Amino acid sequence: MNRNIVCIGAGYIGGPTMAVIAKMNPDRKVMVVDINAERIAAWNSEDYSLPIYEPGLVDVVKEVRGRNLFFSTDIEGAVKECDIIFVGVNTPTKMFGRGAGRASDLQYWEATAREIKRFAECDKIVVEKSTLPVRTAAAMEAILNGERIPRAKRVAQGDALAGVGSGISFTVLSNPEFLAEGTAIKDLLEPDRVLIGGPQTDAGAKAIQAVVDIYATWVPQERILTTNVWSAELTKLAANAFLAQRVSSINAIAGLCEATGADVDEVARVIGADGRIGPKFLKAGPGFGGSCFKKDVLNLVYLCESFGLHTAAEYWMGVIRMNQHQQERIVSRLFAAMFNTLANKKIALFGFAFKADTGDTRETPAGTVARLLAEEHVRVTITDPKALVNARRDLADLSDVTYEEDEYKAAEGADAVILMTDWRHYPTLDWNRIYDSMRKPALVFDTRNCLAAAELRKIGFRVLNVGK
Ligand code: NAD
Ligand code: UGA
């Protein structure tokens, strides 16, 4: 077995993860392949205009691209050349047929399994990097083996996932990724933990060790955790569900703060001082966005339903409902504050990315708010330092939306500014200048509670916050 690594899927997960693995393993050849030729061309672009924005990523790619990291569309060549194959393709929520709106759409993942089977000429370790429903590894194994091994036989073999069908042995592991966008490089270089799940067999143990060796070049041994495959698959969904649940919990408290005069940031500070709870992920805001929280919680709901655990399914569904409600609440409060009519008013959204330090707009709360405002016939202007290309694409069907790179121009003549993304420079803008250029009374709705509200009031703004 050779030491070469390939990742199938050159997206937000495949690109940064493999760049860091290549950086920390200079003696290994690392390849990233994708069916999307445009994306691969961007990863290979001479001026490093990479397909995703992530702080520090360009520096790592500059260091390793062409040295031991290679981007390509040649999936066949890469599968033949590499004995460790990571699968990092997208697994969006299925929007059709059985499980629509909840289950994971596994068509991209299955296509990848079939590609691996078609091109493999010797034994391979196949590593699930994508977030997948529990027991996907069993389906992966069935496809790779070319025959479905009855569960009874599998259990008798100690649930071994090693392939037998074609004479080539495939061992399927789960190595879910916990990085967050905007901090991906730091998260990869200094992970809280790396999780590797594998079958409890000799082949499984060898395969786990082969993947442990990749990470052990920079991750302390005690942070590399190994489990069985099903625990690893479920842990990823559970971890995202717990994080999403914290955001929905604090947002549920925010509504109560607004109704009672409590201040959600004060409440969060004191709750978080309890060592059992901890201070992270207690920031009230416009609700969580991003490609994963909603899809992974929905996937958990679907799994619970599939196993007849309806009360558990309802519990997790509440996390999603609370999140949707948060954006509706923001627009309702704005509506009430702007004299119950928004038609023909101009509103500037400051920030469209789902969080700061990324250009990613998947499931961004700003998208939901923009659409709710468009329904009220608002003239919406969107500004964002990294996400305007994606914003234009996401809202292409809305006619009354304009896009402006310059925040000052975006606010000109506006009745309100809604701060949607916590970009670090927003508090440092010249808010006097913004106020002067707006129609009066001028309102700021700071959904991230990151601006100095008292200063804004002194300037003359009416100010709304979340949870205050
Ligand atoms: P993405 O859409 O950015 O990238 C997926 C890539 O896979 C695309 O470029 C697509 O062209 C490619 N692809 C699809 N089918 C293919 C095939 N048959 N052969 C080759 N390439 C194929 O998605 P992403 O954000 O990188 O997420 C990928 C997975 O990682 C998901 O399961 C997600 O839940 C998980 N994940 C993502 C993050 C994150 O921060 N984005 C974090 C942890 C886990
Ligand atoms: C999240 C997890 O944090 C990662 O561990 C996981 O790997 C990843 O999902 C994934 O599976 O894709 P990410 O979505 O990139 O990472 O970003 P987060 O920092 O988790 O933020 C998610 C959303 O929650 C953002 O919209 C953010 O603004 C919001 N959030 C976060 C809050 O509103 N309040 C908080 O206190 C924290």
# chains A, B, ... in the order shown; residues from 1 in each chain; ligands from 1

$ residues_near_ligand --ligand "ligand 2" --cutoff "7 Å" --atoms "only C-alpha atoms and all ligand atoms" --output "number ranges by chain"
A: 177-182, 240, 243-244, 247, 280-293, 354-355, 364

$ write_last_selection --atoms "N, CA and C atoms" --output "PDB file, in the first residue's frame"
ATOM      1  N   GLU A 177     -15.247  15.804   9.434  1.00  0.00           N
ATOM      2  CA  GLU A 177     -14.469  17.026   9.627  1.00  0.00           C
ATOM      3  C   GLU A 177     -15.241  17.999  10.512  1.00  0.00           C
ATOM      4  N   PHE A 178     -14.537  18.623  11.456  1.00  0.00           N
ATOM      5  CA  PHE A 178     -15.191  19.536  12.404  1.00  0.00           C
ATOM      6  C   PHE A 178     -14.815  20.998  12.183  1.00  0.00           C
ATOM      7  N   LEU A 179     -14.079  21.302  11.116  1.00  0.00           N
ATOM      8  CA  LEU A 179     -13.657  22.696  10.923  1.00  0.00           C
ATOM      9  C   LEU A 179     -14.867  23.589  10.699  1.00  0.00           C
ATOM     10  N   ALA A 180     -14.722  24.855  11.069  1.00  0.00           N
ATOM     11  CA  ALA A 180     -15.757  25.847  10.774  1.00  0.00           C
ATOM     12  C   ALA A 180     -15.209  26.785   9.708  1.00  0.00           C
ATOM     13  N   GLU A 181     -16.094  27.279   8.844  1.00  0.00           N
ATOM     14  CA  GLU A 181     -15.637  28.204   7.808  1.00  0.00           C
ATOM     15  C   GLU A 181     -15.217  29.522   8.455  1.00  0.00           C
ATOM     16  N   GLY A 182     -14.240  30.157   7.851  1.00  0.00           N
ATOM     17  CA  GLY A 182     -13.727  31.412   8.405  1.00  0.00           C
ATOM     18  C   GLY A 182     -12.537  31.157   9.324  1.00  0.00           C
ATOM     19  N   ASN A 240     -22.909  18.704  15.365  1.00  0.00           N
ATOM     20  CA  ASN A 240     -23.534  19.872  14.728  1.00  0.00           C
ATOM     21  C   ASN A 240     -24.899  20.171  15.341  1.00  0.00           C
ATOM     22  N   LEU A 243     -24.393  22.073  18.587  1.00  0.00           N
ATOM     23  CA  LEU A 243     -23.999  23.478  18.355  1.00  0.00           C
ATOM     24  C   LEU A 243     -25.210  24.286  17.879  1.00  0.00           C
ATOM     25  N   ALA A 244     -25.946  23.733  16.936  1.00  0.00           N
ATOM     26  CA  ALA A 244     -27.132  24.444  16.412  1.00  0.00           C
ATOM     27  C   ALA A 244     -28.145  24.655  17.532  1.00  0.00           C
ATOM     28  N   VAL A 247     -27.381  27.674  19.619  1.00  0.00           N
ATOM     29  CA  VAL A 247     -27.744  28.943  18.970  1.00  0.00           C
ATOM     30  C   VAL A 247     -29.257  29.155  19.071  1.00  0.00           C
ATOM     31  N   LYS A 280     -18.864  29.552  24.883  1.00  0.00           N
ATOM     32  CA  LYS A 280     -18.904  29.589  23.417  1.00  0.00           C
ATOM     33  C   LYS A 280     -20.294  29.257  22.875  1.00  0.00           C
ATOM     34  N   PHE A 281     -20.546  29.768  21.664  1.00  0.00           N
ATOM     35  CA  PHE A 281     -21.802  29.477  20.965  1.00  0.00           C
ATOM     36  C   PHE A 281     -23.041  29.922  21.744  1.00  0.00           C
ATOM     37  N   LEU A 282     -22.917  31.074  22.404  1.00  0.00           N
ATOM     38  CA  LEU A 282     -24.063  31.638  23.113  1.00  0.00           C
ATOM     39  C   LEU A 282     -24.356  33.040  22.608  1.00  0.00           C
ATOM     40  N   LYS A 283     -23.988  33.313  21.352  1.00  0.00           N
ATOM     41  CA  LYS A 283     -24.195  34.658  20.819  1.00  0.00           C
ATOM     42  C   LYS A 283     -25.545  34.686  20.098  1.00  0.00           C
ATOM     43  N   ALA A 284     -26.467  35.500  20.633  1.00  0.00           N
ATOM     44  CA  ALA A 284     -27.762  35.647  19.955  1.00  0.00           C
ATOM     45  C   ALA A 284     -27.537  36.395  18.651  1.00  0.00           C
ATOM     46  N   GLY A 285     -28.383  36.156  17.679  1.00  0.00           N
ATOM     47  CA  GLY A 285     -28.206  36.811  16.385  1.00  0.00           C
ATOM     48  C   GLY A 285     -29.358  36.530  15.458  1.00  0.00           C
ATOM     49  N   PRO A 286     -29.082  36.564  14.153  1.00  0.00           N
ATOM     50  CA  PRO A 286     -30.170  36.355  13.190  1.00  0.00           C
ATOM     51  C   PRO A 286     -30.490  34.892  12.950  1.00  0.00           C
ATOM     52  N   GLY A 287     -29.860  34.009  13.713  1.00  0.00           N
ATOM     53  CA  GLY A 287     -30.060  32.573  13.505  1.00  0.00           C
ATOM     54  C   GLY A 287     -28.874  31.991  12.766  1.00  0.00           C
ATOM     55  N   PHE A 288     -28.717  30.681  12.872  1.00  0.00           N
ATOM     56  CA  PHE A 288     -27.568  30.073  12.203  1.00  0.00           C
ATOM     57  C   PHE A 288     -27.831  29.896  10.713  1.00  0.00           C
ATOM     58  N   GLY A 289     -26.750  30.072   9.940  1.00  0.00           N
ATOM     59  CA  GLY A 289     -26.793  29.764   8.518  1.00  0.00           C
ATOM     60  C   GLY A 289     -25.692  28.763   8.234  1.00  0.00           C
ATOM     61  N   GLY A 290     -25.276  28.723   6.963  1.00  0.00           N
ATOM     62  CA  GLY A 290     -24.219  27.788   6.585  1.00  0.00           C
ATOM     63  C   GLY A 290     -24.803  26.528   5.991  1.00  0.00           C
ATOM     64  N   SER A 291     -23.943  25.816   5.290  1.00  0.00           N
ATOM     65  CA  SER A 291     -24.437  24.680   4.509  1.00  0.00           C
ATOM     66  C   SER A 291     -24.793  23.486   5.381  1.00  0.00           C
ATOM     67  N   CYS A 292     -24.349  23.474   6.637  1.00  0.00           N
ATOM     68  CA  CYS A 292     -24.411  22.191   7.357  1.00  0.00           C
ATOM     69  C   CYS A 292     -25.400  22.084   8.508  1.00  0.00           C
ATOM     70  N   PHE A 293     -25.523  23.115   9.348  1.00  0.00           N
ATOM     71  CA  PHE A 293     -26.354  22.938  10.543  1.00  0.00           C
ATOM     72  C   PHE A 293     -27.769  22.465  10.180  1.00  0.00           C
ATOM     73  N   PHE A 354     -22.984  34.071   5.635  1.00  0.00           N
ATOM     74  CA  PHE A 354     -23.691  33.530   6.811  1.00  0.00           C
ATOM     75  C   PHE A 354     -22.944  33.796   8.103  1.00  0.00           C
ATOM     76  N   LYS A 355     -21.650  34.160   7.991  1.00  0.00           N
ATOM     77  CA  LYS A 355     -20.866  34.586   9.146  1.00  0.00           C
ATOM     78  C   LYS A 355     -19.691  35.384   8.589  1.00  0.00           C
ATOM     79  N   THR A 364     -27.822  31.386   4.296  1.00  0.00           N
ATOM     80  CA  THR A 364     -27.541  32.579   5.098  1.00  0.00           C
ATOM     81  C   THR A 364     -28.836  33.256   5.569  1.00  0.00           C
TER      82      THR A 364
END

$ residues_near_ligand --ligand "ligand 1" --cutoff "6 Å" --atoms "only C-alpha atoms and all ligand atoms" --output "number ranges by chain"
A: 8-14, 34-36, 88-91, 108, 111-112, 130-131, 177-181, 292

$ write_last_selection --atoms "C-alpha atoms" --output "compact mmCIF listing (two decimals), in the first residue's frame"
# COMPACT_ATOMS: atom_id res chain seq x y z
CA ILE A 8 -12.67 13.35 -4.32
CA GLY A 9 -14.49 16.69 -4.03
CA ALA A 10 -12.62 20.00 -4.20
CA GLY A 11 -15.04 22.14 -2.23
CA TYR A 12 -14.98 23.98 1.10
CA ILE A 13 -13.93 20.77 2.82
CA GLY A 14 -11.73 18.97 0.28
CA ASP A 34 -13.46 17.04 -8.89
CA ILE A 35 -15.93 16.73 -11.76
CA ASN A 36 -16.27 20.53 -11.77
CA GLY A 88 -15.49 14.94 0.39
CA VAL A 89 -18.39 15.41 -2.02
CA ASN A 90 -21.52 17.39 -1.18
CA THR A 91 -24.41 15.75 0.68
CA TYR A 108 -23.08 12.42 -5.38
CA ALA A 111 -21.56 8.16 -7.84
CA THR A 112 -18.18 8.56 -6.14
CA SER A 130 -18.40 14.16 3.93
CA THR A 131 -21.06 14.26 6.64
CA GLU A 177 -14.47 17.03 9.63
CA PHE A 178 -15.19 19.54 12.40
CA LEU A 179 -13.66 22.70 10.92
CA ALA A 180 -15.76 25.85 10.77
CA GLU A 181 -15.64 28.20 7.81
CA CYS A 292 -24.41 22.19 7.36

$ atom_distance --atom1 "CA of Asp192 (chain A)" --atom2 "CA of Ala353 (chain A)"
25.3 Å

$ residues_around --residues "region 227-232 of chain A" --least-positions-apart "5" --cutoff "9 Å" --atoms "only C-alpha atoms" --output "count of residues only"
15

$ residues_around --residues "Lys346 (chain A)" --least-positions-apart "3" --cutoff "10 Å" --atoms "only C-alpha atoms" --output "ChimeraX atom specification"
/A:342-343,349,373,377-381,401,410-417,438-439

$ closest_residue --among "A:Ala370, A:Glu81, A:Asp59, A:Ala313" --to "Asp397 (chain A)" --atoms "only C-alpha atoms"
A:Ala370

$ select_by_dssp --residues "region 100-145 of chain A" --states "alpha helix (DSSP H)" --output "list in words"
Gln107, Tyr108, Trp109, Glu110, Ala111, Thr112, Ala113, Arg114, Glu115, Ile116, Lys117, Arg118, Phe119, Thr136, Ala137, Ala138, Ala139, Met140, Glu141, Ala142, Ile143, Leu144 and Asn145 of chain A

$ write_last_selection --atoms "N, CA and C atoms" --output "mmCIF file, in the first residue's frame"
data_model
loop_
_atom_site.group_PDB
_atom_site.id
_atom_site.type_symbol
_atom_site.label_atom_id
_atom_site.label_comp_id
_atom_site.auth_asym_id
_atom_site.auth_seq_id
_atom_site.Cartn_x
_atom_site.Cartn_y
_atom_site.Cartn_z
ATOM 1 N N GLN A 107 -26.816 11.029 -3.848
ATOM 2 C CA GLN A 107 -26.478 10.643 -5.222
ATOM 3 C C GLN A 107 -25.020 10.950 -5.576
ATOM 4 N N TYR A 108 -24.467 12.059 -5.026
ATOM 5 C CA TYR A 108 -23.083 12.422 -5.378
ATOM 6 C C TYR A 108 -22.113 11.458 -4.710
ATOM 7 N N TRP A 109 -22.474 11.111 -3.470
ATOM 8 C CA TRP A 109 -21.656 10.185 -2.725
ATOM 9 C C TRP A 109 -21.665 8.802 -3.392
ATOM 10 N N GLU A 110 -22.871 8.361 -3.849
ATOM 11 C CA GLU A 110 -22.944 7.032 -4.468
ATOM 12 C C GLU A 110 -22.180 7.012 -5.789
ATOM 13 N N ALA A 111 -22.297 8.097 -6.559
ATOM 14 C CA ALA A 111 -21.561 8.162 -7.839
ATOM 15 C C ALA A 111 -20.066 8.007 -7.571
ATOM 16 N N THR A 112 -19.608 8.625 -6.470
ATOM 17 C CA THR A 112 -18.185 8.555 -6.143
ATOM 18 C C THR A 112 -17.775 7.127 -5.809
ATOM 19 N N ALA A 113 -18.621 6.444 -5.027
ATOM 20 C CA ALA A 113 -18.308 5.057 -4.660
ATOM 21 C C ALA A 113 -18.172 4.205 -5.921
ATOM 22 N N ARG A 114 -19.070 4.460 -6.884
ATOM 23 C CA ARG A 114 -19.019 3.668 -8.123
ATOM 24 C C ARG A 114 -17.765 3.998 -8.936
ATOM 25 N N GLU A 115 -17.358 5.282 -8.908
ATOM 26 C CA GLU A 115 -16.120 5.657 -9.622
ATOM 27 C C GLU A 115 -14.927 4.923 -9.004
ATOM 28 N N ILE A 116 -14.890 4.903 -7.682
ATOM 29 C CA ILE A 116 -13.757 4.245 -7.005
ATOM 30 C C ILE A 116 -13.725 2.768 -7.396
ATOM 31 N N LYS A 117 -14.890 2.158 -7.369
ATOM 32 C CA LYS A 117 -14.957 0.721 -7.695
ATOM 33 C C LYS A 117 -14.495 0.476 -9.137
ATOM 34 N N ARG A 118 -14.941 1.373 -10.047
ATOM 35 C CA ARG A 118 -14.604 1.185 -11.469
ATOM 36 C C ARG A 118 -13.107 1.297 -11.721
ATOM 37 N N PHE A 119 -12.455 2.247 -11.034
ATOM 38 C CA PHE A 119 -11.068 2.555 -11.389
ATOM 39 C C PHE A 119 -10.025 1.833 -10.525
ATOM 40 N N THR A 136 -23.951 4.739 6.504
ATOM 41 C CA THR A 136 -23.606 4.919 5.102
ATOM 42 C C THR A 136 -22.421 4.044 4.723
ATOM 43 N N ALA A 137 -21.509 3.835 5.661
ATOM 44 C CA ALA A 137 -20.330 3.020 5.356
ATOM 45 C C ALA A 137 -20.734 1.621 4.910
ATOM 46 N N ALA A 138 -21.851 1.127 5.435
ATOM 47 C CA ALA A 138 -22.296 -0.211 5.031
ATOM 48 C C ALA A 138 -22.739 -0.196 3.567
ATOM 49 N N ALA A 139 -23.424 0.885 3.174
ATOM 50 C CA ALA A 139 -23.854 1.002 1.777
ATOM 51 C C ALA A 139 -22.636 1.178 0.871
ATOM 52 N N MET A 140 -21.682 1.965 1.337
ATOM 53 C CA MET A 140 -20.437 2.190 0.586
ATOM 54 C C MET A 140 -19.741 0.842 0.342
ATOM 55 N N GLU A 141 -19.697 0.058 1.397
ATOM 56 C CA GLU A 141 -19.047 -1.251 1.314
ATOM 57 C C GLU A 141 -19.788 -2.145 0.314
ATOM 58 N N ALA A 142 -21.128 -2.090 0.350
ATOM 59 C CA ALA A 142 -21.904 -2.942 -0.549
ATOM 60 C C ALA A 142 -21.637 -2.569 -2.007
ATOM 61 N N ILE A 143 -21.543 -1.271 -2.267
ATOM 62 C CA ILE A 143 -21.277 -0.839 -3.646
ATOM 63 C C ILE A 143 -19.865 -1.241 -4.063
ATOM 64 N N LEU A 144 -18.912 -1.017 -3.172
ATOM 65 C CA LEU A 144 -17.518 -1.320 -3.513
ATOM 66 C C LEU A 144 -17.329 -2.819 -3.732
ATOM 67 N N ASN A 145 -18.030 -3.601 -2.936
ATOM 68 C CA ASN A 145 -17.897 -5.055 -3.084
ATOM 69 C C ASN A 145 -18.643 -5.586 -4.295
#

$ atom_distance --atom1 "CA of Arg67 (chain A)" --atom2 "CA of Val211 (chain A)"
21.3 Å

$ closest_residue --among "A:Ile434, A:Val127, A:Leu237, A:Cys257" --to "Trp316 (chain A)" --atoms "only C-alpha atoms"
A:Leu237

$ residues_around --residues "Gln209 (chain A)" --least-positions-apart "3" --cutoff "12 Å" --atoms "only C-alpha atoms" --output "list in words"
Ile84, Ile125, Leu173, Ile196, Gly197, Gly198, Pro199, Asp202, Ala203, Gly204, Ala205, Lys206, Val212, Asp213, Ile214, Tyr215, Ala216, Gln221, Ile224, Leu225 and Thr226 of chain A

$ write_last_selection --atoms "N, CA and C atoms" --output "compact mmCIF listing (two decimals), in the first residue's frame"
# COMPACT_ATOMS: atom_id res chain seq x y z
N ILE A 84 -5.11 5.70 -0.44
CA ILE A 84 -6.02 6.23 0.58
C ILE A 84 -6.90 7.28 -0.10
N ILE A 125 -8.09 2.12 0.97
CA ILE A 125 -8.80 2.58 2.17
C ILE A 125 -9.67 3.75 1.72
N LEU A 173 -13.68 3.76 6.19
CA LEU A 173 -13.55 4.44 7.48
C LEU A 173 -14.39 5.72 7.47
N ILE A 196 -11.57 9.24 13.99
CA ILE A 196 -11.45 8.21 12.95
C ILE A 196 -12.20 6.97 13.41
N GLY A 197 -13.26 6.64 12.68
CA GLY A 197 -14.04 5.45 13.01
C GLY A 197 -13.76 4.36 11.99
N GLY A 198 -13.65 3.13 12.48
CA GLY A 198 -13.38 2.04 11.55
C GLY A 198 -13.91 0.73 12.07
N PRO A 199 -13.93 -0.28 11.20
CA PRO A 199 -14.41 -1.59 11.63
C PRO A 199 -13.48 -2.23 12.66
N ASP A 202 -9.00 -6.81 12.08
CA ASP A 202 -7.57 -6.57 11.84
C ASP A 202 -7.38 -5.58 10.69
N ALA A 203 -8.16 -5.81 9.62
CA ALA A 203 -8.06 -4.91 8.46
C ALA A 203 -8.45 -3.50 8.87
N GLY A 204 -9.52 -3.42 9.69
CA GLY A 204 -10.00 -2.12 10.16
C GLY A 204 -8.93 -1.42 10.98
N ALA A 205 -8.30 -2.17 11.89
CA ALA A 205 -7.28 -1.57 12.77
C ALA A 205 -6.10 -1.04 11.93
N LYS A 206 -5.70 -1.80 10.90
CA LYS A 206 -4.58 -1.36 10.04
C LYS A 206 -4.96 -0.09 9.29
N VAL A 212 -4.51 7.45 11.00
CA VAL A 212 -3.92 8.10 12.18
C VAL A 212 -2.54 8.66 11.81
N ASP A 213 -1.75 7.88 11.04
CA ASP A 213 -0.39 8.30 10.68
C ASP A 213 -0.38 9.64 9.93
N ILE A 214 -1.42 9.86 9.13
CA ILE A 214 -1.49 11.12 8.36
C ILE A 214 -1.58 12.30 9.33
N TYR A 215 -2.46 12.16 10.33
CA TYR A 215 -2.70 13.28 11.26
C TYR A 215 -1.62 13.41 12.32
N ALA A 216 -1.01 12.25 12.66
CA ALA A 216 -0.07 12.23 13.79
C ALA A 216 1.17 13.08 13.51
N GLN A 221 -1.21 12.97 19.87
CA GLN A 221 -1.84 11.65 19.89
C GLN A 221 -3.16 11.62 20.68
N ILE A 224 -6.34 12.45 18.85
CA ILE A 224 -6.81 11.60 17.75
C ILE A 224 -7.64 10.48 18.36
N LEU A 225 -8.95 10.60 18.18
CA LEU A 225 -9.87 9.67 18.84
C LEU A 225 -10.37 8.64 17.83
N THR A 226 -10.37 7.37 18.24
CA THR A 226 -10.87 6.34 17.33
C THR A 226 -12.09 5.68 17.95

$ closest_residue --among "A:Val301, A:Val60, A:Met18, A:Val331" --to "Pro133 (chain A)" --atoms "only C-alpha atoms"
A:Val301

$ atom_distance --atom1 "CA of Thr201 (chain A)" --atom2 "CA of Asn299 (chain A)"
28.7 Å

$ residues_around --residues "Ala262 (chain A)" --least-positions-apart "5" --cutoff "12 Å" --atoms "only C-alpha atoms" --output "MDAnalysis selection string"
chainID A and resid 253:257 267:268 466:468

$ residues_around --residues "region 183-190 of chain A" --least-positions-apart "6" --cutoff "8 Å" --atoms "only C-alpha atoms" --output "PyMOL selection string"
chain A and resi 16-17+20+54-57+218-219+357

$ write_last_selection --atoms "N, CA and C atoms" --output "PDB file, in the first residue's frame"
ATOM      1  N   PRO A  16      -9.316  22.962   1.551  1.00  0.00           N
ATOM      2  CA  PRO A  16      -8.528  23.330   2.737  1.00  0.00           C
ATOM      3  C   PRO A  16      -7.964  22.122   3.495  1.00  0.00           C
ATOM      4  N   THR A  17      -8.770  21.054   3.627  1.00  0.00           N
ATOM      5  CA  THR A  17      -8.303  19.890   4.401  1.00  0.00           C
ATOM      6  C   THR A  17      -7.068  19.276   3.748  1.00  0.00           C
ATOM      7  N   VAL A  20      -3.857  21.408   4.020  1.00  0.00           N
ATOM      8  CA  VAL A  20      -3.161  21.307   5.314  1.00  0.00           C
ATOM      9  C   VAL A  20      -2.509  19.928   5.462  1.00  0.00           C
ATOM     10  N   GLU A  54     -11.029  31.871   2.387  1.00  0.00           N
ATOM     11  CA  GLU A  54     -10.795  31.351   3.741  1.00  0.00           C
ATOM     12  C   GLU A  54      -9.482  31.961   4.231  1.00  0.00           C
ATOM     13  N   PRO A  55      -9.492  32.698   5.348  1.00  0.00           N
ATOM     14  CA  PRO A  55      -8.261  33.345   5.804  1.00  0.00           C
ATOM     15  C   PRO A  55      -7.098  32.352   5.924  1.00  0.00           C
ATOM     16  N   GLY A  56      -5.947  32.714   5.364  1.00  0.00           N
ATOM     17  CA  GLY A  56      -4.742  31.879   5.475  1.00  0.00           C
ATOM     18  C   GLY A  56      -4.644  30.774   4.427  1.00  0.00           C
ATOM     19  N   LEU A  57      -5.735  30.530   3.694  1.00  0.00           N
ATOM     20  CA  LEU A  57      -5.732  29.406   2.744  1.00  0.00           C
ATOM     21  C   LEU A  57      -4.746  29.643   1.591  1.00  0.00           C
ATOM     22  N   TRP A 218       1.161  16.126  12.973  1.00  0.00           N
ATOM     23  CA  TRP A 218       1.025  17.422  13.663  1.00  0.00           C
ATOM     24  C   TRP A 218      -0.022  17.452  14.782  1.00  0.00           C
ATOM     25  N   VAL A 219      -0.907  16.469  14.845  1.00  0.00           N
ATOM     26  CA  VAL A 219      -1.940  16.497  15.891  1.00  0.00           C
ATOM     27  C   VAL A 219      -1.467  15.618  17.056  1.00  0.00           C
ATOM     28  N   ASP A 357     -15.768  36.465   7.679  1.00  0.00           N
ATOM     29  CA  ASP A 357     -14.570  35.776   7.182  1.00  0.00           C
ATOM     30  C   ASP A 357     -14.848  34.631   6.230  1.00  0.00           C
TER      31      ASP A 357
END

$ closest_atom_pairs --of "region 255-313 of chain A" --to "region 97-100 of chain A" --cutoff "12 Å" --atoms "only C-alpha atoms" --output "tab-separated table"
residue	atom	partner	partner_atom	distance
A:Lys295	CA	A:Ala100	CA	11.5
A:Leu298	CA	A:Gly99	CA	10.0
A:Asn299	CA	A:Gly99	CA	9.2
A:Leu300	CA	A:Gly99	CA	11.8
A:Val301	CA	A:Gly99	CA	10.4
A:Tyr302	CA	A:Gly99	CA	7.1
A:Leu303	CA	A:Gly99	CA	9.8
A:Glu305	CA	A:Gly99	CA	10.0
A:Ser306	CA	A:Gly99	CA	9.5

$ select_by_dssp --residues "region 335-375 of chain A" --states "strand (DSSP E or B)" --output "list in words"
Lys346, Ile347, Ala348, Leu349 and Phe350 of chain A

$ closest_residue --among "A:Phe461, A:Tyr403, A:Phe339, A:Tyr53" --to "Gly359 (chain A)" --atoms "only C-alpha atoms"
A:Tyr53

$ closest_residue --among "A:Gly101, A:Gly275, A:Gly146, A:Gly351" --to "Val297 (chain A)" --atoms "only C-alpha atoms"
A:Gly101
